[in-house]
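Structure data (CSV, C-alpha atoms and all ligand atoms) from structure-v5.csv:
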chain,number,residue,atom,x,y,z
A,199,MET,CA,32.0,-32.0,-143.0
A,200,PRO,CA,34.6,-29.4,-144.0
A,201,MET,CA,37.1,-28.5,-141.3
A,202,LYS,CA,35.9,-24.9,-141.1
A,203,ASP,CA,32.3,-25.8,-140.3
A,204,PHE,CA,33.4,-28.2,-137.7
A,205,SER,CA,35.5,-25.6,-135.8
A,206,LYS,CA,32.6,-23.2,-136.1
A,207,ILE,CA,30.3,-25.7,-134.3
A,208,ILE,CA,33.0,-26.3,-131.7
A,209,SER,CA,33.3,-22.6,-131.0
A,210,GLU,CA,29.5,-22.2,-130.9
A,211,LEU,CA,29.3,-25.0,-128.4
A,212,GLN,CA,32.0,-23.5,-126.3
A,213,ALA,CA,30.2,-20.2,-126.3
A,214,GLY,CA,27.0,-22.0,-125.2
A,215,ASN,CA,28.9,-23.8,-122.5
A,216,GLU,CA,30.3,-20.6,-121.2
A,217,GLU,CA,26.8,-19.1,-121.1
A,218,LEU,CA,25.6,-22.2,-119.2
A,219,GLU,CA,28.5,-21.9,-116.8
A,220,LEU,CA,27.7,-18.3,-116.2
A,221,ALA,CA,24.0,-19.0,-115.5
A,222,ARG,CA,25.0,-21.8,-113.2
A,223,ALA,CA,27.5,-19.5,-111.3
A,224,LYS,CA,24.8,-16.9,-111.0
A,225,ALA,CA,22.2,-19.4,-109.7
A,226,ASP,CA,24.9,-20.8,-107.2
A,227,ALA,CA,25.7,-17.3,-106.0
A,228,LEU,CA,22.0,-16.6,-105.5
A,229,PHE,CA,21.3,-19.9,-103.7
A,230,LEU,CA,24.3,-19.7,-101.4
A,231,GLY,CA,24.0,-16.0,-100.8
A,232,ILE,CA,20.3,-15.9,-99.9
A,233,GLY,CA,19.9,-14.3,-96.5
A,234,GLU,CA,17.3,-16.9,-95.5
A,235,GLY,CA,18.0,-20.6,-95.0
A,236,ALA,CA,17.6,-22.5,-98.2
A,237,ILE,CA,17.6,-26.2,-98.9
A,238,PHE,CA,17.4,-27.9,-102.3
A,239,THR,CA,15.8,-31.3,-102.5
A,240,ASP,CA,15.6,-33.6,-105.5
A,241,GLU,CA,12.5,-35.2,-106.9
A,242,LYS,CA,12.6,-37.9,-104.2
A,243,GLY,CA,13.0,-35.3,-101.4
A,244,MET,CA,16.7,-36.1,-100.8
A,245,ILE,CA,18.7,-33.0,-99.7
A,246,SER,CA,21.2,-32.1,-102.4
A,247,ARG,CA,22.2,-28.5,-101.5
A,248,VAL,CA,22.1,-26.4,-98.3
A,249,ASN,CA,23.2,-22.8,-98.0
A,250,GLN,CA,25.2,-21.4,-95.1
A,251,ALA,CA,22.2,-19.6,-93.5
A,252,ALA,CA,20.3,-22.9,-93.3
A,253,PHE,CA,23.3,-24.6,-91.6
A,254,ASP,CA,23.6,-21.7,-89.1
A,255,MET,CA,19.9,-21.7,-88.4
A,256,LEU,CA,19.4,-25.5,-88.0
A,257,GLY,CA,22.8,-26.3,-86.3
A,258,TYR,CA,23.5,-29.3,-88.5
A,259,THR,CA,26.8,-30.1,-90.4
A,260,GLN,CA,27.1,-31.0,-94.1
A,261,GLU,CA,27.4,-34.7,-93.4
A,262,GLU,CA,24.2,-34.6,-91.3
A,263,LEU,CA,22.1,-33.1,-94.1
A,264,LEU,CA,23.5,-33.8,-97.5
A,265,GLY,CA,22.1,-36.9,-99.2
A,266,LYS,CA,19.5,-37.4,-96.4
A,267,TRP,CA,15.7,-37.6,-96.8
A,268,TYR,CA,14.5,-34.1,-96.0
A,269,PRO,CA,11.1,-34.9,-94.5
A,270,LYS,CA,12.6,-37.2,-91.9
A,271,THR,CA,15.8,-35.3,-91.2
A,272,ILE,CA,14.2,-31.9,-90.7
A,273,GLU,CA,11.0,-32.3,-88.6
A,274,VAL,CA,8.4,-29.6,-88.3
A,275,TYR,CA,5.8,-29.2,-85.5
A,276,ASP,CA,2.6,-27.3,-85.2
A,277,GLU,CA,1.6,-24.7,-82.5
A,278,LYS,CA,0.5,-27.4,-80.1
A,279,GLY,CA,3.9,-29.1,-80.4
A,280,GLU,CA,2.5,-32.0,-82.5
A,281,LEU,CA,4.6,-33.4,-85.3
A,282,ILE,CA,3.2,-32.3,-88.7
A,283,ARG,CA,2.6,-35.3,-90.9
A,284,ILE,CA,4.5,-35.6,-94.1
A,285,ILE,CA,1.3,-35.4,-96.1
A,286,ASP,CA,0.6,-32.0,-94.6
A,287,ARG,CA,4.0,-30.4,-95.0
A,288,PRO,CA,4.7,-27.6,-97.5
A,289,ILE,CA,7.1,-29.8,-99.6
A,290,THR,CA,4.4,-32.4,-100.1
A,291,LYS,CA,1.8,-29.8,-100.9
A,292,ALA,CA,4.1,-28.1,-103.3
A,293,PHE,CA,4.7,-31.3,-105.2
A,294,LEU,CA,1.0,-32.1,-105.3
A,295,THR,CA,-0.1,-28.7,-106.4
A,296,GLY,CA,2.9,-27.7,-108.5
A,297,LYS,CA,2.8,-24.3,-106.7
A,298,ALA,CA,4.8,-22.6,-103.9
A,299,VAL,CA,3.3,-23.3,-100.5
A,300,THR,CA,4.1,-21.3,-97.4
A,301,MET,CA,3.3,-22.4,-93.8
A,302,GLN,CA,4.2,-21.2,-90.4
A,303,VAL,CA,5.7,-24.1,-88.4
A,304,PHE,CA,8.2,-24.9,-85.7
A,305,ILE,CA,11.4,-26.5,-87.0
A,306,LYS,CA,13.2,-28.9,-84.7
A,307,LEU,CA,16.8,-27.8,-84.5
A,308,LYS,CA,19.8,-30.1,-83.9
A,309,ASN,CA,19.8,-29.0,-80.3
A,310,GLY,CA,16.2,-30.2,-79.9
A,311,LYS,CA,14.7,-26.7,-79.6
A,312,LEU,CA,11.7,-25.7,-81.7
A,313,LEU,CA,12.2,-22.6,-83.9
A,314,PRO,CA,9.2,-20.6,-85.1
A,315,ALA,CA,9.7,-20.3,-88.8
A,316,SER,CA,8.0,-19.5,-92.0
A,317,VAL,CA,8.7,-22.2,-94.6
A,318,THR,CA,8.1,-21.8,-98.3
A,319,SER,CA,8.5,-24.8,-100.6
A,320,SER,CA,8.6,-24.2,-104.3
A,321,PRO,CA,8.6,-27.0,-106.8
A,322,VAL,CA,11.2,-26.8,-109.6
A,323,ILE,CA,9.5,-27.9,-112.8
A,324,MET,CA,11.2,-29.0,-116.0
A,325,ASP,CA,9.3,-30.2,-119.0
A,326,GLY,CA,6.1,-30.2,-116.9
A,327,LYS,CA,7.6,-32.5,-114.3
A,328,PRO,CA,8.9,-31.6,-110.8
A,329,ILE,CA,12.6,-32.3,-110.6
A,330,GLY,CA,13.0,-31.0,-107.1
A,331,ALA,CA,12.0,-28.4,-104.7
A,332,ILE,CA,13.6,-25.5,-102.9
A,333,GLN,CA,12.7,-24.8,-99.3
A,334,ILE,CA,13.2,-21.3,-97.9
A,335,PHE,CA,13.2,-20.9,-94.1
A,336,ARG,CA,12.7,-17.5,-92.4
A,337,ASP,CA,13.2,-17.2,-88.7
A,338,PHE,CA,9.8,-16.1,-87.3
A,339,THR,CA,10.8,-15.8,-83.6
A,340,LYS,CA,10.2,-12.0,-83.4
A,341,GLU,CA,6.8,-12.1,-85.1
A,342,TYR,CA,5.8,-15.1,-83.0
A,343,GLU,CA,6.7,-13.4,-79.7
A,344,ILE,CA,4.8,-10.2,-80.6
A,345,ASP,CA,1.8,-12.3,-81.6
A,346,LYS,CA,2.0,-14.1,-78.3
A,347,MET,CA,2.2,-10.9,-76.4
A,348,LYS,CA,-0.8,-9.5,-78.3
A,349,SER,CA,-2.9,-12.6,-77.5
A,350,GLU,CA,-1.9,-12.4,-73.8
A,351,PHE,CA,-2.8,-8.7,-73.7
A,352,ILE,CA,-6.2,-9.4,-75.3
A,353,SER,CA,-6.8,-12.3,-72.9
A,354,ILE,CA,-6.0,-10.2,-69.8
A,355,ALA,CA,-7.9,-7.2,-71.0
A,356,SER,CA,-11.0,-9.3,-71.8
A,357,HIS,CA,-10.9,-11.0,-68.4
A,358,GLN,CA,-10.6,-7.7,-66.6
A,359,LEU,CA,-13.5,-6.2,-68.6
A,360,ARG,CA,-15.7,-9.2,-68.2
A,361,THR,CA,-16.8,-8.8,-64.6
A,362,PRO,CA,-17.7,-5.1,-64.6
A,363,LEU,CA,-19.4,-5.5,-68.0
A,364,THR,CA,-21.6,-8.3,-66.8
A,365,SER,CA,-22.8,-6.2,-63.9
A,366,ILE,CA,-23.5,-3.2,-66.2
A,367,MET,CA,-25.4,-5.5,-68.6
A,368,THR,CA,-27.6,-7.2,-65.9
A,369,ASN,CA,-28.5,-3.9,-64.3
A,370,ALA,CA,-29.1,-2.1,-67.6
A,371,HIS,CA,-31.5,-4.9,-68.7
A,372,LEU,CA,-33.3,-4.8,-65.3
A,373,LEU,CA,-33.9,-1.1,-65.8
A,374,ALA,CA,-34.8,-1.3,-69.5
A,375,ASP,CA,-37.3,-4.2,-68.8
A,376,GLY,CA,-39.1,-2.2,-66.2
A,377,TYR,CA,-38.2,-4.4,-63.2
A,378,VAL,CA,-37.6,-1.4,-61.0
A,379,GLY,CA,-40.4,0.8,-62.2
A,380,ARG,CA,-41.9,2.1,-65.4
A,381,LEU,CA,-39.7,4.4,-67.5
A,382,THR,CA,-41.0,7.4,-69.4
A,383,ASP,CA,-40.9,7.0,-73.2
A,384,GLU,CA,-37.8,9.1,-73.4
A,385,GLN,CA,-36.0,7.2,-70.7
A,386,GLN,CA,-36.9,3.9,-72.4
A,387,ILE,CA,-35.2,5.1,-75.7
A,388,PHE,CA,-32.0,5.9,-73.7
A,389,MET,CA,-32.1,2.6,-71.9
A,390,ASN,CA,-32.6,0.7,-75.1
A,391,ASN,CA,-29.6,2.4,-76.6
A,392,ILE,CA,-27.6,1.4,-73.5
A,393,THR,CA,-28.6,-2.2,-73.6
A,394,PHE,CA,-27.9,-2.4,-77.3
A,395,SER,CA,-24.4,-1.1,-76.9
A,396,VAL,CA,-23.6,-3.1,-73.8
A,397,ASP,CA,-24.8,-6.3,-75.5
A,398,ARG,CA,-22.5,-5.6,-78.4
A,399,MET,CA,-19.6,-5.1,-76.0
A,400,HIS,CA,-20.4,-8.3,-74.2
A,401,GLU,CA,-20.5,-10.1,-77.5
A,402,LEU,CA,-17.1,-8.7,-78.4
A,403,ILE,CA,-15.5,-9.7,-75.1
A,404,SER,CA,-16.9,-13.2,-75.4
A,405,THR,CA,-15.6,-13.5,-79.0
A,406,LEU,CA,-12.1,-12.3,-77.9
A,407,LEU,CA,-12.1,-14.7,-75.0
A,408,ASN,CA,-13.2,-17.6,-77.2
A,409,ILE,CA,-10.4,-16.7,-79.7
A,410,THR,CA,-7.7,-16.7,-77.1
A,411,ARG,CA,-8.9,-20.0,-75.7
A,412,ILE,CA,-9.0,-21.6,-79.2
A,413,GLU,CA,-5.6,-20.2,-80.1
A,414,ALA,CA,-4.1,-21.5,-76.9
A,415,GLY,CA,-5.7,-25.0,-77.5
A,416,LYS,CA,-7.5,-24.8,-74.2
A,417,VAL,CA,-11.0,-25.6,-75.4
A,418,ALA,CA,-12.4,-28.9,-74.2
A,419,ILE,CA,-14.3,-31.0,-76.7
A,420,ASN,CA,-17.3,-32.9,-75.3
A,421,PRO,CA,-19.0,-35.1,-77.8
A,422,LYS,CA,-22.6,-36.0,-77.0
A,423,GLU,CA,-25.4,-37.4,-79.0
A,424,THR,CA,-26.5,-34.3,-80.8
A,425,ASP,CA,-29.7,-33.5,-82.7
A,426,LEU,CA,-28.4,-31.1,-85.3
A,427,LYS,CA,-31.9,-30.4,-86.8
A,428,ARG,CA,-33.1,-29.2,-83.4
A,429,ILE,CA,-30.1,-26.9,-82.9
A,430,VAL,CA,-30.8,-25.3,-86.4
A,431,GLN,CA,-34.5,-24.8,-85.5
A,432,GLU,CA,-33.6,-23.3,-82.1
A,433,ILE,CA,-31.2,-20.8,-83.7
A,434,ASN,CA,-33.7,-19.9,-86.4
A,435,ASN,CA,-36.2,-19.1,-83.6
A,436,GLU,CA,-33.7,-17.3,-81.4
A,437,LEU,CA,-32.7,-15.0,-84.3
A,438,GLN,CA,-36.3,-14.4,-85.3
A,439,PRO,CA,-36.5,-10.9,-83.8
A,440,GLN,CA,-33.6,-9.7,-86.1
A,441,ILE,CA,-35.1,-11.4,-89.1
A,442,GLU,CA,-38.5,-9.7,-88.4
A,443,ALA,CA,-36.8,-6.3,-87.8
A,444,LYS,CA,-35.3,-6.4,-91.3
A,445,LYS,CA,-38.4,-8.0,-92.9
A,446,LEU,CA,-36.4,-10.9,-94.2
A,447,THR,CA,-37.9,-14.2,-95.3
A,448,LEU,CA,-36.2,-17.2,-93.7
A,449,THR,CA,-37.0,-20.6,-95.2
A,450,SER,CA,-35.4,-23.9,-94.3
A,451,ALA,CA,-35.2,-27.6,-95.5
A,452,LEU,CA,-33.8,-29.7,-92.7
A,453,ASN,CA,-33.4,-33.2,-94.0
A,454,TYR,CA,-31.2,-34.8,-91.4
A,455,ASP,CA,-32.7,-36.4,-88.3
A,456,GLU,CA,-30.0,-38.9,-87.1
A,457,PRO,CA,-28.2,-38.2,-83.9
A,458,VAL,CA,-24.5,-37.3,-84.4
A,459,MET,CA,-21.8,-37.7,-81.8
A,460,THR,CA,-20.4,-34.2,-81.8
A,461,ASP,CA,-20.0,-31.2,-79.5
A,462,PRO,CA,-23.3,-29.3,-79.4
A,463,VAL,CA,-21.9,-26.2,-77.8
A,464,LEU,CA,-19.3,-25.8,-80.5
A,465,ILE,CA,-21.8,-26.7,-83.3
A,466,ARG,CA,-24.3,-24.1,-82.0
A,467,GLU,CA,-21.7,-21.4,-82.2
A,468,VAL,CA,-20.9,-22.1,-85.8
A,469,PHE,CA,-24.6,-22.3,-87.0
A,470,ALA,CA,-25.5,-19.1,-85.0
A,471,ASN,CA,-22.6,-17.1,-86.5
A,472,LEU,CA,-23.3,-18.1,-90.0
A,473,LEU,CA,-27.0,-17.3,-89.8
A,474,SER,CA,-26.3,-14.1,-87.9
A,475,ASN,CA,-24.0,-13.0,-90.7
A,476,ALA,CA,-26.6,-13.8,-93.3
A,477,ILE,CA,-29.1,-11.6,-91.4
A,478,LYS,CA,-26.6,-8.8,-90.9
A,479,TYR,CA,-25.4,-8.7,-94.5
A,480,THR,CA,-28.7,-9.0,-96.3
A,481,PRO,CA,-30.7,-5.8,-96.8
A,482,GLN,CA,-34.3,-5.3,-95.8
A,483,GLY,CA,-36.8,-7.6,-97.5
A,484,GLY,CA,-34.1,-10.1,-98.5
A,485,LYS,CA,-34.2,-13.9,-98.5
A,486,ILE,CA,-32.3,-16.5,-96.5
A,487,ARG,CA,-32.5,-20.2,-96.9
A,488,VAL,CA,-31.0,-22.7,-94.4
A,489,THR,CA,-30.6,-26.4,-95.3
A,490,LEU,CA,-29.2,-29.4,-93.5
A,491,LYS,CA,-28.6,-32.6,-95.4
A,492,LYS,CA,-26.3,-35.6,-95.8
A,493,ASP,CA,-23.8,-35.4,-98.6
A,494,LYS,CA,-21.7,-38.6,-99.0
A,495,GLU,CA,-19.9,-39.0,-95.7
A,496,GLU,CA,-20.6,-35.5,-94.4
A,497,ILE,CA,-23.5,-33.6,-93.0
A,498,VAL,CA,-23.7,-30.2,-94.6
A,499,TYR,CA,-25.3,-27.1,-93.0
A,500,ARG,CA,-25.8,-24.4,-95.6
A,501,VAL,CA,-26.9,-20.8,-95.3
A,502,LYS,CA,-27.7,-19.0,-98.5
A,503,ASP,CA,-28.6,-15.3,-98.6
A,504,ASN,CA,-29.3,-12.8,-101.4
A,505,GLY,CA,-27.6,-10.0,-99.7
A,506,TYR,CA,-24.6,-7.8,-100.3
A,507,GLY,CA,-22.1,-10.6,-101.1
A,508,ILE,CA,-18.3,-10.4,-100.9
A,509,PRO,CA,-16.2,-8.7,-103.6
A,510,GLU,CA,-14.2,-11.3,-105.4
A,511,GLU,CA,-10.8,-9.8,-104.8
A,512,GLN,CA,-11.4,-9.8,-101.0
A,513,GLN,CA,-12.7,-13.4,-100.7
A,514,ASP,CA,-9.3,-14.8,-99.8
A,515,HIS,CA,-9.2,-12.8,-96.6
A,516,ILE,CA,-12.7,-13.6,-95.2
A,517,PHE,CA,-11.5,-16.0,-92.5
A,518,THR,CA,-8.6,-13.7,-91.3
A,519,LYS,CA,-8.7,-12.0,-87.9
A,520,PHE,CA,-10.3,-8.5,-88.0
A,521,PHE,CA,-11.1,-8.6,-91.7
A,522,ARG,CA,-14.3,-6.9,-92.9
A,523,ALA,CA,-14.9,-6.5,-96.6
A,524,GLU,CA,-15.0,-3.0,-98.1
A,525,ASN,CA,-18.6,-3.1,-99.3
A,526,ILE,CA,-19.7,-4.1,-95.7
A,527,VAL,CA,-17.7,-1.5,-93.8
A,528,GLN,CA,-19.6,1.2,-95.8
A,529,THR,CA,-23.1,-0.3,-95.1
A,530,GLU,CA,-22.9,-2.1,-91.7
A,531,SER,CA,-20.9,-0.4,-89.0
A,532,VAL,CA,-21.5,-3.0,-86.3
A,533,GLY,CA,-19.0,-5.8,-86.6
A,534,THR,CA,-15.4,-6.7,-85.7
A,535,GLY,CA,-14.2,-9.2,-88.4
A,536,LEU,CA,-13.7,-11.8,-85.6
A,537,GLY,CA,-16.7,-14.0,-86.0
A,538,LEU,CA,-15.6,-16.1,-88.9
A,539,TYR,CA,-12.0,-16.3,-87.6
A,540,MET,CA,-13.4,-17.8,-84.4
A,541,VAL,CA,-15.8,-20.0,-86.3
A,542,GLN,CA,-12.9,-21.4,-88.4
A,543,GLY,CA,-11.0,-22.2,-85.2
A,544,ILE,CA,-14.0,-24.1,-83.9
A,545,VAL,CA,-14.5,-25.9,-87.1
A,546,GLU,CA,-10.8,-27.1,-87.0
A,547,ASN,CA,-11.4,-28.3,-83.5
A,548,ILE,CA,-14.4,-30.5,-84.5
A,549,GLY,CA,-12.7,-31.8,-87.7
A,550,GLY,CA,-15.1,-30.1,-90.1
A,551,ARG,CA,-14.8,-28.0,-93.2
A,552,ILE,CA,-16.1,-24.5,-93.9
A,553,TRP,CA,-16.2,-22.6,-97.2
A,554,PHE,CA,-18.4,-20.2,-99.1
A,555,GLU,CA,-19.4,-18.9,-102.6
A,556,SER,CA,-20.3,-15.3,-103.1
A,557,LYS,CA,-20.9,-12.7,-105.7
A,558,GLU,CA,-21.0,-9.0,-104.8
A,559,GLY,CA,-24.5,-7.6,-105.0
A,560,MET,CA,-26.0,-11.1,-105.5
A,561,GLY,CA,-25.5,-12.9,-102.2
A,562,SER,CA,-23.4,-15.5,-100.4
A,563,THR,CA,-23.7,-19.1,-99.5
A,564,PHE,CA,-21.8,-20.4,-96.5
A,565,TYR,CA,-21.2,-24.2,-96.0
A,566,PHE,CA,-20.2,-26.0,-92.9
A,567,ALA,CA,-19.6,-29.8,-93.4
A,568,LEU,CA,-19.3,-32.1,-90.5
A,569,PRO,CA,-17.9,-35.6,-90.9
A,570,ASN,CA,-20.5,-38.2,-90.0
A,571,THR,CA,-18.1,-40.0,-87.7
A,572,GLU,CA,-17.8,-40.0,-84.0
A,573,LEU,CA,-15.9,-36.9,-82.8
A,574,ARG,CA,-13.1,-37.6,-80.4
A,575,GLY,CA,-13.3,-35.8,-77.1
A,576,LYS,CA,-10.5,-33.7,-75.7
A,577,ALA,CA,-9.8,-32.5,-72.2
A,578,GLY,CA,-9.5,-28.8,-71.9
A,579,SER,CA,-9.6,-26.2,-69.1
A,580,THR,CA,-12.4,-24.2,-70.7
A,581,THR,CA,-15.1,-24.2,-73.3
A,582,ILE,CA,-16.4,-21.4,-75.5
A,583,GLU,CA,-19.1,-18.8,-74.7
A,584,THR,CA,-22.2,-18.1,-76.7
A,585,THR,CA,-21.6,-14.9,-78.7
A,586,ILE,CA,-24.8,-14.6,-80.7
A,587,ARG,CA,-28.0,-13.7,-78.9
A,588,SER,CA,-31.3,-12.3,-80.1
B,601,LIG,P1,-18.2,-9.3,-88.7
B,601,LIG,O1,-19.5,-9.8,-89.1
B,601,LIG,O2,-18.1,-8.9,-87.3
B,601,LIG,O3,-17.6,-8.2,-89.6
B,601,LIG,P2,-17.1,-11.9,-89.5
B,601,LIG,O4,-15.8,-12.5,-89.2
B,601,LIG,O5,-18.3,-12.7,-89.0
B,601,LIG,O6,-17.1,-10.5,-88.8
B,601,LIG,O7,-17.2,-11.7,-91.0
B,601,LIG,C1,-16.1,-11.1,-91.7
B,601,LIG,C2,-16.5,-10.4,-92.9
B,601,LIG,O8,-17.0,-11.4,-93.9
B,601,LIG,C3,-17.7,-9.5,-92.8
B,601,LIG,O9,-17.3,-8.2,-92.3
B,601,LIG,C4,-18.2,-9.4,-94.2
B,601,LIG,O10,-17.4,-8.5,-95.0
B,601,LIG,C5,-18.0,-10.8,-94.7
B,601,LIG,N1,-19.2,-11.7,-94.6
B,601,LIG,C6,-19.4,-12.7,-93.7
B,601,LIG,N2,-20.6,-13.2,-94.0
B,601,LIG,C7,-21.2,-12.6,-95.0
B,601,LIG,C8,-22.4,-12.7,-95.7
B,601,LIG,N3,-23.3,-13.7,-95.4
B,601,LIG,N4,-22.6,-11.9,-96.7
B,601,LIG,C9,-21.7,-11.0,-97.1
B,601,LIG,N5,-20.5,-10.8,-96.5
B,601,LIG,C10,-20.3,-11.6,-95.4
So, in terms of structure tokens, how does the structure I just supplied come out?
Ligand code: ADP
Amino acid sequence: MPMKDFSKIISELQAGNEELELARAKADALFLGIGEGAIFTDEKGMISRVNQAAFDMLGYTQEELLGKWYPKTIEVYDEKGELIRIIDRPITKAFLTGKAVTMQVFIKLKNGKLLPASVTSSPVIMDGKPIGAIQIFRDFTKEYEIDKMKSEFISIASHQLRTPLTSIMTNAHLLADGYVGRLTDEQQIFMNNITFSVDRMHELISTLLNITRIEAGKVAINPKETDLKRIVQEINNELQPQIEAKKLTLTSALNYDEPVMTDPVLIREVFANLLSNAIKYTPQGGKIRVTLKKDKEEIVYRVKDNGYGIPEEQQDHIFTKFFRAENIVQTESVGTGLGLYMVQGIVENIGGRIWFESKEGMGSTFYFALPNTELRGKAGSTTIETTIRS
């Protein structure tokens, strides 16, 4: 190779090196200067870099973190103070899915305290293979405190409203049902309006109370031999008046008869909410089909309707607190967006799964799968209230 070509290659290489150095310096500055805590782990989960914000937040020194196995060195806990298993941590999920995963957790600091934080783990992929992950920690104390205050406020307000509301409800029903004398037709219309509204208020308060109990982890779980088929039939019957009022056709195929060790009160609430939604969100003359069957190791309750459906772009939010889809807000004014949030909390308590498929204008199918294993009981200071009534 002539000398000239050789020196050209060298100078090109040098230029490439400089570019690389510059890119590295920029990446370094970004990593170290990030306002949030940041930890870089290699493909085995060993900590290779930590920025100052992370040292400040966690209280550890360089020696205590660098070269250590991240999942064991930095422990994260859930709301109930239970250690989150490695398999359920964002870093593991990020590696498994190849996508960034965010979770709200409580990080154990060097001083032993638990810090509410939002953790995002993003895998770093090269040539299709993960070569490491970056974890970003954001201090969540403020948001957590506000959320706690909101829950406490809701809990106190609901408790205080409960007693007078129960009295109004009982007396209104006595009047409306003619126990204290016949009403004129006009009076009857007014009383029916009152009982309808007071029942909705009662339902809302019960749902709010249930949610605060679930969120606080206070709900007792009482497994009993449970006849799921009978519960489904009872709920189908209880909601018959609503079904008839909308001239809907309800059919069912209940192909599971075996007793299951689970909590019938919690199960009933899930079934009732899913059927009640199908009724609410299916227009006059529509069809609903309820099935119960075994599928591998699970027992699956399914409610299929041919109603309004859920717009695709809003489907991710369906189990979020207070969320109601746009198409529904326009057609059905009664509702709070709390039912499915509560149901999801119940499902987590009984170790089941819930999901749905839906197409706007075509209908929705909600599934609730229960493991066919014995549910473990849990002591708790309270249980949940029935929210759905005919
Ligand atoms: P609510 O019924 O009080 O609005 P939910 O939490 O039970 O609250 O439901 C949340 C939202 O999910 C509803 O407002 C509606 O947009 C949607 N949804 C739930 N079930 C169905 C269904 N079967 N068909 C269509 N939309 C549904």
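Separating atom CA of A:Gly376 from atom CA of A:Leu359 is a distance of 26.0 Å.
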Which polymer residues have any atom within 10 Å of an atom of stretch 558-565 of chain A, counting all atoms listed in the file, with same-chain residues fewer than 5 positions away left out, as an MDAnalysis selection string? chainID A and resid 469 472:473 475:476 479:480 484:490 498:510 525 551:553
Written selection (C-alpha atoms) as a short mmCIF file (atom, residue, chain, number, x, y, z; two decimals), in the coordinates of the input:
data_model
loop_
_atom_site.label_atom_id
_atom_site.label_comp_id
_atom_site.auth_asym_id
_atom_site.auth_seq_id
_atom_site.Cartn_x
_atom_site.Cartn_y
_atom_site.Cartn_z
CA PHE A 469 -24.60 -22.30 -87.00
CA LEU A 472 -23.30 -18.10 -90.00
CA LEU A 473 -27.00 -17.30 -89.80
CA ASN A 475 -24.00 -13.00 -90.70
CA ALA A 476 -26.60 -13.80 -93.30
CA TYR A 479 -25.40 -8.70 -94.50
CA THR A 480 -28.70 -9.00 -96.30
CA GLY A 484 -34.10 -10.10 -98.50
CA LYS A 485 -34.20 -13.90 -98.50
CA ILE A 486 -32.30 -16.50 -96.50
CA ARG A 487 -32.50 -20.20 -96.90
CA VAL A 488 -31.00 -22.70 -94.40
CA THR A 489 -30.60 -26.40 -95.30
CA LEU A 490 -29.20 -29.40 -93.50
CA VAL A 498 -23.70 -30.20 -94.60
CA TYR A 499 -25.30 -27.10 -93.00
CA ARG A 500 -25.80 -24.40 -95.60
CA VAL A 501 -26.90 -20.80 -95.30
CA LYS A 502 -27.70 -19.00 -98.50
CA ASP A 503 -28.60 -15.30 -98.60
CA ASN A 504 -29.30 -12.80 -101.40
CA GLY A 505 -27.60 -10.00 -99.70
CA TYR A 506 -24.60 -7.80 -100.30
CA GLY A 507 -22.10 -10.60 -101.10
CA ILE A 508 -18.30 -10.40 -100.90
CA PRO A 509 -16.20 -8.70 -103.60
CA GLU A 510 -14.20 -11.30 -105.40
CA ASN A 525 -18.60 -3.10 -99.30
CA ARG A 551 -14.80 -28.00 -93.20
CA ILE A 552 -16.10 -24.50 -93.90
CA TRP A 553 -16.20 -22.60 -97.20
#
Which of A:Ser395, A:Gln482, A:Ser579, A:Thr405 sits closest to ligand LIG 601 (chain B) [using only C-alpha atoms and all ligand atoms]: A:Thr405
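Of note, atom CA of A:Gln386 and atom CA of A:Lys444 are spaced 21.6 Å apart.
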If we count all atoms listed in the file, what is near A:Arg574 at a cut-off of 10 Å, once residues fewer than 3 positions away on the same chain are taken out, given as a VMD selection string? chain A and resid 419 to 421 459 to 461 547 to 549 571
Next, the residues of the selection above should be written as a PDB file, keeping the file's coordinate frame with C-alpha atoms.
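Resulting contents of out-v4.pdb:
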ATOM      1  CA  ILE A 419     -14.300 -31.000 -76.700  1.00  0.00           C
ATOM      2  CA  ASN A 420     -17.300 -32.900 -75.300  1.00  0.00           C
ATOM      3  CA  PRO A 421     -19.000 -35.100 -77.800  1.00  0.00           C
ATOM      4  CA  MET A 459     -21.800 -37.700 -81.800  1.00  0.00           C
ATOM      5  CA  THR A 460     -20.400 -34.200 -81.800  1.00  0.00           C
ATOM      6  CA  ASP A 461     -20.000 -31.200 -79.500  1.00  0.00           C
ATOM      7  CA  ASN A 547     -11.400 -28.300 -83.500  1.00  0.00           C
ATOM      8  CA  ILE A 548     -14.400 -30.500 -84.500  1.00  0.00           C
ATOM      9  CA  GLY A 549     -12.700 -31.800 -87.700  1.00  0.00           C
ATOM     10  CA  THR A 571     -18.100 -40.000 -87.700  1.00  0.00           C
TER      11      THR A 571
END
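Considering all atoms listed in the file, the residue among A:Arg222, A:Lys340, A:Lys206, A:His515 positioned nearest to A:Leu536 is A:His515.
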For A:Ile477, please output as a list of chain:residue names all residues within 8 Å (counting only C-alpha atoms; exclusion window: fewer than 6 positions along the same chain). A:Gln440, A:Ile441, A:Leu446, A:Ile486
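Counting from atom CA of A:Lys416, the distance to atom CA of A:Glu273 is 24.6 Å.
Near A:Phe304, within 6 Å and counting all atoms listed in the file, sit Val274, Tyr275, Leu312, Leu313, Pro314 and Ala315 of chain A; same-chain residues fewer than 4 positions away were not included.
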Write a file of the just-selected residues containing C-alpha atoms, as an mmCIF file, keeping the file's coordinate frame.
data_model
loop_
_atom_site.group_PDB
_atom_site.id
_atom_site.type_symbol
_atom_site.label_atom_id
_atom_site.label_comp_id
_atom_site.auth_asym_id
_atom_site.auth_seq_id
_atom_site.Cartn_x
_atom_site.Cartn_y
_atom_site.Cartn_z
ATOM 1 C CA VAL A 274 8.400 -29.600 -88.300
ATOM 2 C CA TYR A 275 5.800 -29.200 -85.500
ATOM 3 C CA LEU A 312 11.700 -25.700 -81.700
ATOM 4 C CA LEU A 313 12.200 -22.600 -83.900
ATOM 5 C CA PRO A 314 9.200 -20.600 -85.100
ATOM 6 C CA ALA A 315 9.700 -20.300 -88.800
#
